[in-house]
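To be precise, the following lines are model-v9.cif, and they hold mmCIF, C-alpha atoms and all ligand atoms.
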data_my_file
#
loop_
_atom_site.label_atom_id
_atom_site.label_comp_id
_atom_site.auth_asym_id
_atom_site.auth_seq_id
_atom_site.Cartn_x
_atom_site.Cartn_y
_atom_site.Cartn_z
CA MET A 1 79.38 41.68 -12.17
CA LYS A 2 77.77 44.26 -14.41
CA LEU A 3 77.32 43.62 -18.14
CA ASN A 4 80.20 45.03 -20.15
CA LEU A 5 78.58 47.98 -21.87
CA THR A 6 81.34 48.48 -24.46
CA GLN A 7 79.51 47.80 -27.70
CA PRO A 8 81.09 45.66 -30.42
CA GLU A 9 81.61 47.26 -33.80
CA LYS A 10 78.49 45.67 -35.24
CA THR A 11 75.27 45.63 -33.30
CA PHE A 12 71.73 44.57 -34.18
CA LYS A 13 69.37 47.28 -35.30
CA CYS A 14 65.74 46.38 -35.89
CA ARG A 15 64.46 47.92 -39.15
CA GLN A 16 60.89 47.77 -37.89
CA CYS A 17 59.83 46.04 -41.08
CA GLY A 18 57.14 44.06 -39.22
CA THR A 19 58.04 40.75 -40.91
CA CYS A 20 58.38 38.82 -37.64
CA CYS A 21 54.93 40.04 -36.51
CA SER A 22 53.33 39.20 -39.86
CA HIS A 23 54.18 35.47 -39.66
CA ILE A 24 53.36 34.37 -36.15
CA ARG A 25 51.98 30.93 -37.02
CA GLY A 26 54.26 27.88 -37.15
CA MET A 27 57.43 29.73 -36.11
CA MET A 28 58.57 26.68 -34.13
CA PRO A 29 61.87 24.96 -35.06
CA GLU A 30 61.37 21.55 -36.82
CA GLU A 31 62.97 19.51 -33.99
CA ASP A 32 60.57 21.09 -31.47
CA LYS A 33 57.62 20.24 -33.75
CA GLU A 34 58.63 16.55 -33.77
CA PHE A 35 58.90 16.52 -29.99
CA MET A 36 55.52 18.25 -29.64
CA LYS A 37 53.77 15.82 -31.97
CA GLU A 38 55.09 12.85 -30.05
CA MET A 39 54.77 14.07 -26.46
CA ALA A 40 52.58 17.15 -26.10
CA TYR A 41 49.20 15.67 -26.98
CA GLY A 42 48.57 13.79 -23.75
CA LYS A 43 51.79 12.07 -22.67
CA LEU A 44 52.90 14.96 -20.46
CA PRO A 45 51.06 16.88 -17.70
CA LEU A 46 50.96 19.97 -19.91
CA VAL A 47 48.76 19.22 -22.91
CA GLN A 48 48.71 21.01 -26.26
CA MET A 49 45.19 22.12 -27.18
CA VAL A 50 45.74 22.91 -30.88
CA PRO A 51 47.48 21.14 -33.81
CA THR A 52 51.12 22.24 -34.27
CA GLU A 53 50.42 23.75 -37.73
CA LYS A 54 47.71 26.00 -36.21
CA MET A 55 49.81 27.27 -33.34
CA SER A 56 51.16 30.76 -33.21
CA PHE A 57 53.52 32.03 -30.57
CA PRO A 58 52.67 31.50 -26.90
CA LEU A 59 51.39 34.12 -24.49
CA TRP A 60 51.85 33.31 -20.79
CA ASP A 61 48.58 33.57 -18.88
CA TRP A 62 49.30 37.05 -17.43
CA GLU A 63 50.31 38.30 -20.87
CA ALA A 64 47.08 36.96 -22.39
CA LYS A 65 45.15 38.89 -19.71
CA ARG A 66 46.95 42.08 -20.76
CA PHE A 67 46.39 41.36 -24.46
CA LYS A 68 42.65 40.85 -23.83
CA LYS A 69 42.60 44.34 -22.30
CA TYR A 70 44.69 45.87 -25.09
CA GLN A 71 42.45 44.42 -27.80
CA GLN A 72 39.53 46.37 -26.33
CA GLU A 73 41.60 49.55 -26.12
CA VAL A 74 42.51 49.38 -29.82
CA ASN A 75 39.18 47.86 -30.84
CA ILE A 76 40.27 44.61 -32.44
CA ASP A 77 39.55 40.93 -31.89
CA ALA A 78 42.93 39.29 -31.22
CA LYS A 79 41.35 35.79 -31.28
CA ILE A 80 43.07 34.76 -28.04
CA LYS A 81 42.55 31.06 -27.29
CA THR A 82 44.00 28.41 -24.99
CA SER A 83 47.10 26.67 -26.30
CA ARG A 84 48.42 24.57 -23.37
CA ALA A 85 46.66 23.39 -20.24
CA ILE A 86 46.75 20.89 -17.39
CA LEU A 87 43.60 18.97 -16.51
CA ASP A 88 43.79 18.56 -12.75
CA LEU A 89 41.99 15.47 -11.48
CA ASN A 90 42.22 16.68 -7.85
CA THR A 91 40.09 19.77 -8.42
CA ASN A 92 38.53 18.96 -11.83
CA LYS A 93 39.86 22.28 -13.04
CA ALA A 94 41.53 23.02 -16.36
CA ILE A 95 44.64 25.06 -15.49
CA ILE A 96 45.61 27.21 -18.47
CA VAL A 97 49.33 27.87 -18.83
CA THR A 98 49.56 29.50 -22.27
CA TYR A 99 47.30 31.12 -24.84
CA PHE A 100 47.83 31.95 -28.52
CA MET A 101 46.37 34.31 -31.09
CA ASP A 102 44.55 32.28 -33.73
CA SER A 103 45.85 34.24 -36.70
CA ASP A 104 48.59 34.04 -39.39
CA SER A 105 49.63 37.62 -38.86
CA CYS A 106 49.51 39.31 -35.44
CA PRO A 107 46.12 41.03 -35.11
CA PHE A 108 47.87 43.98 -33.43
CA LEU A 109 49.92 44.69 -36.58
CA ARG A 110 48.64 47.56 -38.74
CA ASP A 111 50.59 49.00 -41.70
CA LYS A 112 53.75 47.28 -40.42
CA LYS A 113 53.34 48.98 -37.03
CA CYS A 114 52.46 47.44 -33.68
CA LEU A 115 49.31 49.05 -32.27
CA ILE A 116 50.41 48.31 -28.71
CA TYR A 117 54.11 49.08 -29.00
CA TYR A 118 53.84 51.55 -26.09
CA THR A 119 52.68 48.82 -23.67
CA LYS A 120 54.49 45.99 -21.92
CA ARG A 121 54.20 43.66 -24.89
CA ALA A 122 54.60 39.91 -24.48
CA CYS A 123 58.05 38.51 -23.78
CA ILE A 124 57.89 36.69 -27.13
CA CYS A 125 57.28 40.01 -28.94
CA ARG A 126 60.40 41.45 -27.39
CA LEU A 127 62.80 38.60 -28.16
CA PHE A 128 62.83 38.95 -31.96
CA PRO A 129 65.10 38.37 -33.91
CA PHE A 130 65.94 35.49 -31.52
CA ASN A 131 63.75 32.42 -31.51
CA ARG A 132 65.51 30.96 -28.47
CA GLY A 133 68.19 31.76 -25.94
CA PRO A 134 71.47 29.86 -25.49
CA PHE A 135 70.94 28.50 -21.96
CA LEU A 136 67.91 26.21 -22.25
CA SER A 137 69.10 22.66 -21.52
CA ILE A 138 67.55 20.63 -24.35
CA GLY A 139 70.42 18.42 -25.56
CA ASP A 140 73.38 19.90 -27.44
CA LYS A 141 74.43 23.52 -27.01
CA PRO A 142 72.76 25.64 -29.69
CA LYS A 143 74.63 26.91 -32.74
CA LYS A 144 74.21 30.43 -34.06
CA GLU A 145 72.44 29.14 -37.19
CA ASN A 146 69.45 27.85 -35.25
CA MET A 147 68.91 30.67 -32.76
CA PHE A 148 67.19 33.23 -34.98
CA GLY A 149 63.92 33.58 -36.83
CA THR A 150 63.67 35.06 -40.32
CA CYS A 151 64.96 38.62 -40.04
CA ASP A 152 66.72 40.51 -42.83
CA ALA A 153 68.49 42.76 -40.36
CA MET A 154 70.41 39.72 -39.07
CA LYS A 155 72.05 39.01 -42.44
CA LYS A 156 74.75 41.64 -41.91
CA LEU A 157 75.42 40.66 -38.31
CA MET A 158 75.47 36.88 -38.76
CA PRO A 159 79.07 36.57 -40.12
CA SER A 160 80.37 38.51 -37.08
CA ILE A 161 78.84 36.09 -34.57
CA PRO A 162 81.52 33.69 -33.26
CA GLU A 163 81.02 29.94 -33.81
CA ASN A 164 82.45 29.02 -30.41
CA TYR A 165 79.64 28.81 -27.81
CA ASP A 166 81.24 30.91 -25.05
CA ASP A 167 82.37 33.62 -27.46
CA MET A 168 78.94 33.59 -29.10
CA VAL A 169 77.17 34.21 -25.78
CA LYS A 170 79.63 36.99 -24.88
CA PHE A 171 78.96 38.55 -28.28
CA PHE A 172 75.19 38.36 -27.74
CA SER A 173 75.52 40.12 -24.38
CA LYS A 174 76.90 43.19 -26.17
CA ALA A 175 75.48 43.14 -29.68
CA PHE A 176 71.75 43.50 -28.93
CA PRO A 177 71.22 46.93 -27.35
CA ASP A 178 67.48 46.57 -28.02
CA GLY A 179 67.31 44.03 -25.15
CA SER A 180 66.20 41.17 -27.42
CA PHE A 181 68.95 38.84 -26.16
CA GLU A 182 67.99 39.41 -22.52
CA ASN A 183 64.31 38.91 -23.41
CA ALA A 184 65.10 35.62 -25.18
CA VAL A 185 66.93 34.39 -22.08
CA GLN A 186 64.01 35.54 -19.91
CA PHE A 187 61.53 33.64 -22.08
CA ASP A 188 63.57 30.47 -21.50
CA CYS A 189 63.80 31.22 -17.75
CA ILE A 190 59.98 31.37 -17.60
CA THR A 191 59.69 28.11 -19.58
CA GLU A 192 62.05 26.42 -17.11
CA TRP A 193 60.16 27.88 -14.15
CA VAL A 194 56.83 26.58 -15.51
CA ASN A 195 58.25 23.06 -16.01
CA ARG A 196 59.89 23.05 -12.56
CA THR A 197 56.73 24.34 -10.90
CA ILE A 198 54.49 21.70 -12.49
CA ILE A 199 56.81 18.93 -11.27
CA ASP A 200 56.91 20.44 -7.79
CA LEU A 201 53.10 20.79 -7.66
CA MET A 202 52.82 17.10 -8.54
CA LYS A 203 55.39 16.10 -5.90
CA ARG A 204 53.48 18.04 -3.27
CA LYS A 205 50.23 16.47 -4.51
CA LEU A 206 48.75 19.90 -5.16
CA ILE A 207 47.80 18.74 -8.66
CA ARG A 208 47.13 15.33 -10.26
CA PRO A 209 47.33 15.94 -14.02
CA ALA A 210 45.32 13.77 -16.42
CA MET A 211 47.86 11.91 -18.58
CA ASN A 212 47.63 9.24 -21.29
CA TYR A 213 43.93 9.93 -21.83
CA PRO A 214 42.64 9.45 -25.39
CA TYR A 215 43.13 12.95 -26.82
CA GLY A 216 39.50 13.47 -27.90
CA PHE A 217 38.32 12.51 -24.43
CA PHE A 218 40.83 14.94 -22.90
CA LEU A 219 39.52 17.80 -25.06
CA LYS A 220 35.94 17.03 -24.05
CA ARG A 221 36.81 16.99 -20.36
CA PHE A 222 38.75 20.23 -20.80
CA GLU A 223 35.71 21.91 -22.39
CA ASN A 224 33.46 20.83 -19.52
CA SER A 225 35.86 21.86 -16.74
CA GLU A 226 36.07 25.07 -14.80
CA LYS A 227 39.01 27.08 -16.18
CA ILE A 228 41.67 28.86 -14.17
CA ASP A 229 44.92 30.53 -15.21
CA PHE A 230 48.16 28.96 -13.96
CA THR A 231 49.35 31.93 -11.87
CA ASP A 232 45.85 32.37 -10.38
CA PHE A 233 45.90 28.69 -9.43
CA LEU A 234 49.33 29.07 -7.81
CA GLU A 235 48.08 32.02 -5.76
CA GLN A 236 44.77 30.44 -4.79
CA SER A 237 46.39 27.15 -3.79
CA GLY A 238 48.88 29.03 -1.57
CA TYR A 239 51.85 27.82 -3.62
CA ILE A 240 52.98 31.43 -4.11
CA GLY A 241 52.23 34.51 -2.02
CA SER A 242 51.59 37.26 -4.53
CA LYS A 243 51.48 36.60 -8.24
CA GLU A 244 52.04 40.34 -8.84
CA GLU A 245 55.55 40.10 -7.40
CA LEU A 246 56.32 37.06 -9.50
CA ILE A 247 55.06 38.73 -12.70
CA LYS A 248 57.03 41.89 -11.86
CA SER A 249 60.22 39.83 -11.60
CA PHE A 250 59.46 38.28 -15.02
CA ASP A 251 58.74 41.72 -16.52
CA GLU A 252 62.02 43.05 -15.15
CA ASN A 253 64.02 40.10 -16.57
CA ILE A 254 65.48 39.33 -13.14
CA GLY A 255 66.18 35.67 -14.02
CA ALA A 256 67.78 36.53 -17.36
CA LYS A 257 70.02 39.22 -15.90
CA LYS A 258 71.33 36.76 -13.30
CA LYS A 259 71.87 34.00 -15.85
CA ILE A 260 73.80 36.24 -18.23
CA ASN A 261 75.89 37.81 -15.47
CA ASP A 262 76.70 34.39 -13.96
CA PHE A 263 77.78 33.16 -17.39
CA LEU A 264 80.02 36.19 -18.00
CA ASP A 265 81.55 35.87 -14.54
CA GLU A 266 82.38 32.22 -15.14
CA ALA A 267 83.69 32.85 -18.64
CA GLU A 268 86.16 35.51 -17.45
S1 LIG A 301 63.21 41.95 -35.66
FE1 LIG A 301 63.80 41.73 -37.82
S2 LIG A 301 61.97 40.94 -38.83
FE2 LIG A 301 61.32 41.80 -36.86
S3 LIG A 301 60.73 43.93 -37.29
FE3 LIG A 301 62.89 43.95 -36.68
S4 LIG A 301 64.04 43.83 -38.60
FE4 LIG A 301 61.93 43.19 -39.06
S1 LIG A 302 51.83 42.49 -30.31
FE1 LIG A 302 53.00 43.92 -31.55
S2 LIG A 302 55.16 43.30 -31.27
FE2 LIG A 302 53.86 41.59 -30.60
S3 LIG A 302 53.69 40.29 -32.41
FE3 LIG A 302 51.93 41.67 -32.39
S4 LIG A 302 52.51 43.41 -33.65
FE4 LIG A 302 54.37 42.28 -33.13
#
Once more with this new file: its structure as structure tokens, please.
Amino acid sequence: MKLNLTQPEKTFKCRQCGTCCSHIRGMMPEEDKEFMKEMAYGKLPLVQMVPTEKMSFPLWDWEAKRFKKYQQEVNIDAKIKTSRAILDLNTNKAIIVTYFMDSDSCPFLRDKKCLIYYTKRACICRLFPFNRGPFLSIGDKPKKENMFGTCDAMKKLMPSIPENYDDMVKFFSKAFPDGSFENAVQFDCITEWVNRTIIDLMKRKLIRPAMNYPYGFFLKRFENSEKIDFTDFLEQSGYIGSKEELIKSFDENIGAKKKINDFLDEAE
């Protein structure tokens, strides 16, 4: 089924105020912070490399590659650093899954304008005003109050969003002509794909992640290891054929389109 293109009376319109890009550090919901503090510093295969209060939004490895190129084109230092990695004991390689920009405000923001707006920006740049999609299975179904970051343009729209989950998702599918809803769903699709892929790599014994190491020891081993990006590792290990095809499907929101259409079909 195709998305119903009839627009509801009220739709989201970004005012391009730049607020979301000027506060990129610590935009994580509180419940996620608690989970991270408890689990992400060595108890899971994917290890957090920076304290939660220092973190800014994540760039997937292929996006970080693009951002490193863009920073040269616009002559800035975007301070791109590793944020999450797997230390693989099979190959002694540090496999980098996400990066972050070590800055309070996005380094690409100038006079409230994005210097790289014309490019394929990161998925996380394109999902504002959302801070998550509705399909990620992490406990209870999300409520409208906890799905958005701080955005003044949402104040007018918020009362029109239905409380009921199914109606809320249907509303989202029509009320965000800027594509932010689809991008938020795509971001969650990539998160799920990363988690699924790590588990599968472990099952197939293609990786043996270091877990339950003292954190300081982990960081030291990470520093001394050869680094490789996650999608490069998948390609080099033969787990995927071409990473370009995979990245193209992410860029084109193929997973999100299917998820939203499946939901609307079922809800009919
Ligand atoms: S999404 Fe909201 S906060 Fe971000 S630029 Fe648009 S209006 Fe401003
Ligand atoms: S790259 Fe551009 S859109 Fe993304 S956070 Fe920075 S200024 Fe905002």
Using all atoms listed in the file, what residues lie at most 10 Å away from (56.2, 34.2, -38.8) (file coordinates), given as a PDB file with C-alpha atoms, in the frame of the given file?
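Output (part.pdb):
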ATOM      1  CA  GLY A  18      57.140  44.060 -39.220  1.00  0.00           C
ATOM      2  CA  THR A  19      58.040  40.750 -40.910  1.00  0.00           C
ATOM      3  CA  CYS A  20      58.380  38.820 -37.640  1.00  0.00           C
ATOM      4  CA  CYS A  21      54.930  40.040 -36.510  1.00  0.00           C
ATOM      5  CA  SER A  22      53.330  39.200 -39.860  1.00  0.00           C
ATOM      6  CA  HIS A  23      54.180  35.470 -39.660  1.00  0.00           C
ATOM      7  CA  ILE A  24      53.360  34.370 -36.150  1.00  0.00           C
ATOM      8  CA  ARG A  25      51.980  30.930 -37.020  1.00  0.00           C
ATOM      9  CA  GLY A  26      54.260  27.880 -37.150  1.00  0.00           C
ATOM     10  CA  MET A  27      57.430  29.730 -36.110  1.00  0.00           C
ATOM     11  CA  MET A  28      58.570  26.680 -34.130  1.00  0.00           C
ATOM     12  CA  SER A  56      51.160  30.760 -33.210  1.00  0.00           C
ATOM     13  CA  PHE A  57      53.520  32.030 -30.570  1.00  0.00           C
ATOM     14  CA  ASP A 104      48.590  34.040 -39.390  1.00  0.00           C
ATOM     15  CA  SER A 105      49.630  37.620 -38.860  1.00  0.00           C
ATOM     16  CA  CYS A 106      49.510  39.310 -35.440  1.00  0.00           C
ATOM     17  CA  GLY A 149      63.920  33.580 -36.830  1.00  0.00           C
ATOM     18  CA  THR A 150      63.670  35.060 -40.320  1.00  0.00           C
ATOM     19  CA  CYS A 151      64.960  38.620 -40.040  1.00  0.00           C
TER      20      CYS A 151
END
- Atom pair atom S2 of ligand LIG 301 (chain A) / CA of Tyr70 (chain A): separation (Å): 22.6 Å
- Query: Can you tell me which residues sit at most 12 Å away from ligand LIG 301 (chain A), counting only C-alpha atoms and all ligand atoms, written as a VMD selection string?
  - Reply: chain A and resid 12 to 24 109 112 to 114 117 124 to 131 148 to 157 176 178 to 181
Enclose the full set of atoms of ligand LIG 302 (chain A) listed in the file within a box whose edges lie along x, y and z, apply 4 Å of padding to each of the six sides, and report centre and edge lengths in Å to one decimal as JSON.
{"center_x": 53.5, "center_y": 42.1, "center_z": -32.0, "size_x": 11.3, "size_y": 11.6, "size_z": 11.3}
- Would you mind listing what lies within 12 Å of region 133-145 of chain A as a ChimeraX atom specification, with only C-alpha atoms counted and same-chain residues fewer than 3 positions away left out? /A:29,31-32,35,124,127-130,148-150,154-155,157-173,180-193,195,255-256,258-260,262-263
- Would you please work out which residue, of A:Met49, A:Ala122, A:Ile254, A:Met202, is nearest to ligand LIG 302 (chain A) when using only C-alpha atoms and all ligand atoms?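 Going through A:Met49, A:Ala122, A:Ile254, A:Met202 one by one, the smallest distance to ligand LIG 302 (chain A) is for A:Ala122.
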- Task: Would you please work out which residue, of A:Asp111, A:Glu38, A:Glu252, A:Glu73, is nearest to ligand LIG 302 (chain A) when using only C-alpha atoms and all ligand atoms?
- Result: A:Asp111
- Between CA of Thr11 (chain A) and CA of Asp251 (chain A), measure the distance and give it in Å to one decimal.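 So the two atoms, CA of Thr11 (chain A) and CA of Asp251 (chain A), lie 23.9 Å apart.
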- Message: Report as a ChimeraX atom specification all protein, DNA and RNA residues lying within 12 Å of Arg66 (chain A), evaluated on all atoms listed in the file, omitting residues in the same chain fewer than 5 positions from it.
- Response: /A:59-61,71-73,78,80,99,116,119-122,247
- Query: Using all atoms listed in the file, which residue out of A:Trp62, A:Phe217, A:Phe108, A:Tyr118 lies closest to Asp229 (chain A)?
  - Reply: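 Looking at the shortest contact to Asp229 (chain A), the residue is A:Trp62.
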- Message: as a list in words, please: the residues near Leu44 (chain A) (cut-off 9 Å, all atoms listed in the file, same-chain neighbours under 2 positions excluded).
- Response: Met39, Ala40, Tyr41, Gly42, Leu46, Val47, Pro209, Ala210, Met211 and Asn212 of chain A
- Item | Pick from A:Glu268, A:Asp200, A:Asp232, A:Glu34, whichever lies nearest to Lys65 (chain A) using all atoms listed in the file |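 Between A:Glu268, A:Asp200, A:Asp232, A:Glu34, the residue approaching Lys65 (chain A) most closely is A:Asp232.
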- Rounded to one decimal in Å, what is the spacing between CA of Ile95 (chain A) and CA of Ile228 (chain A)?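 So the answer is 5.0 Å.
Using only C-alpha atoms, the nearest neighbour of Cys123 (chain A) within the list A:Gly216, A:Gly238, A:Pro58, A:Pro45 is A:Pro58.
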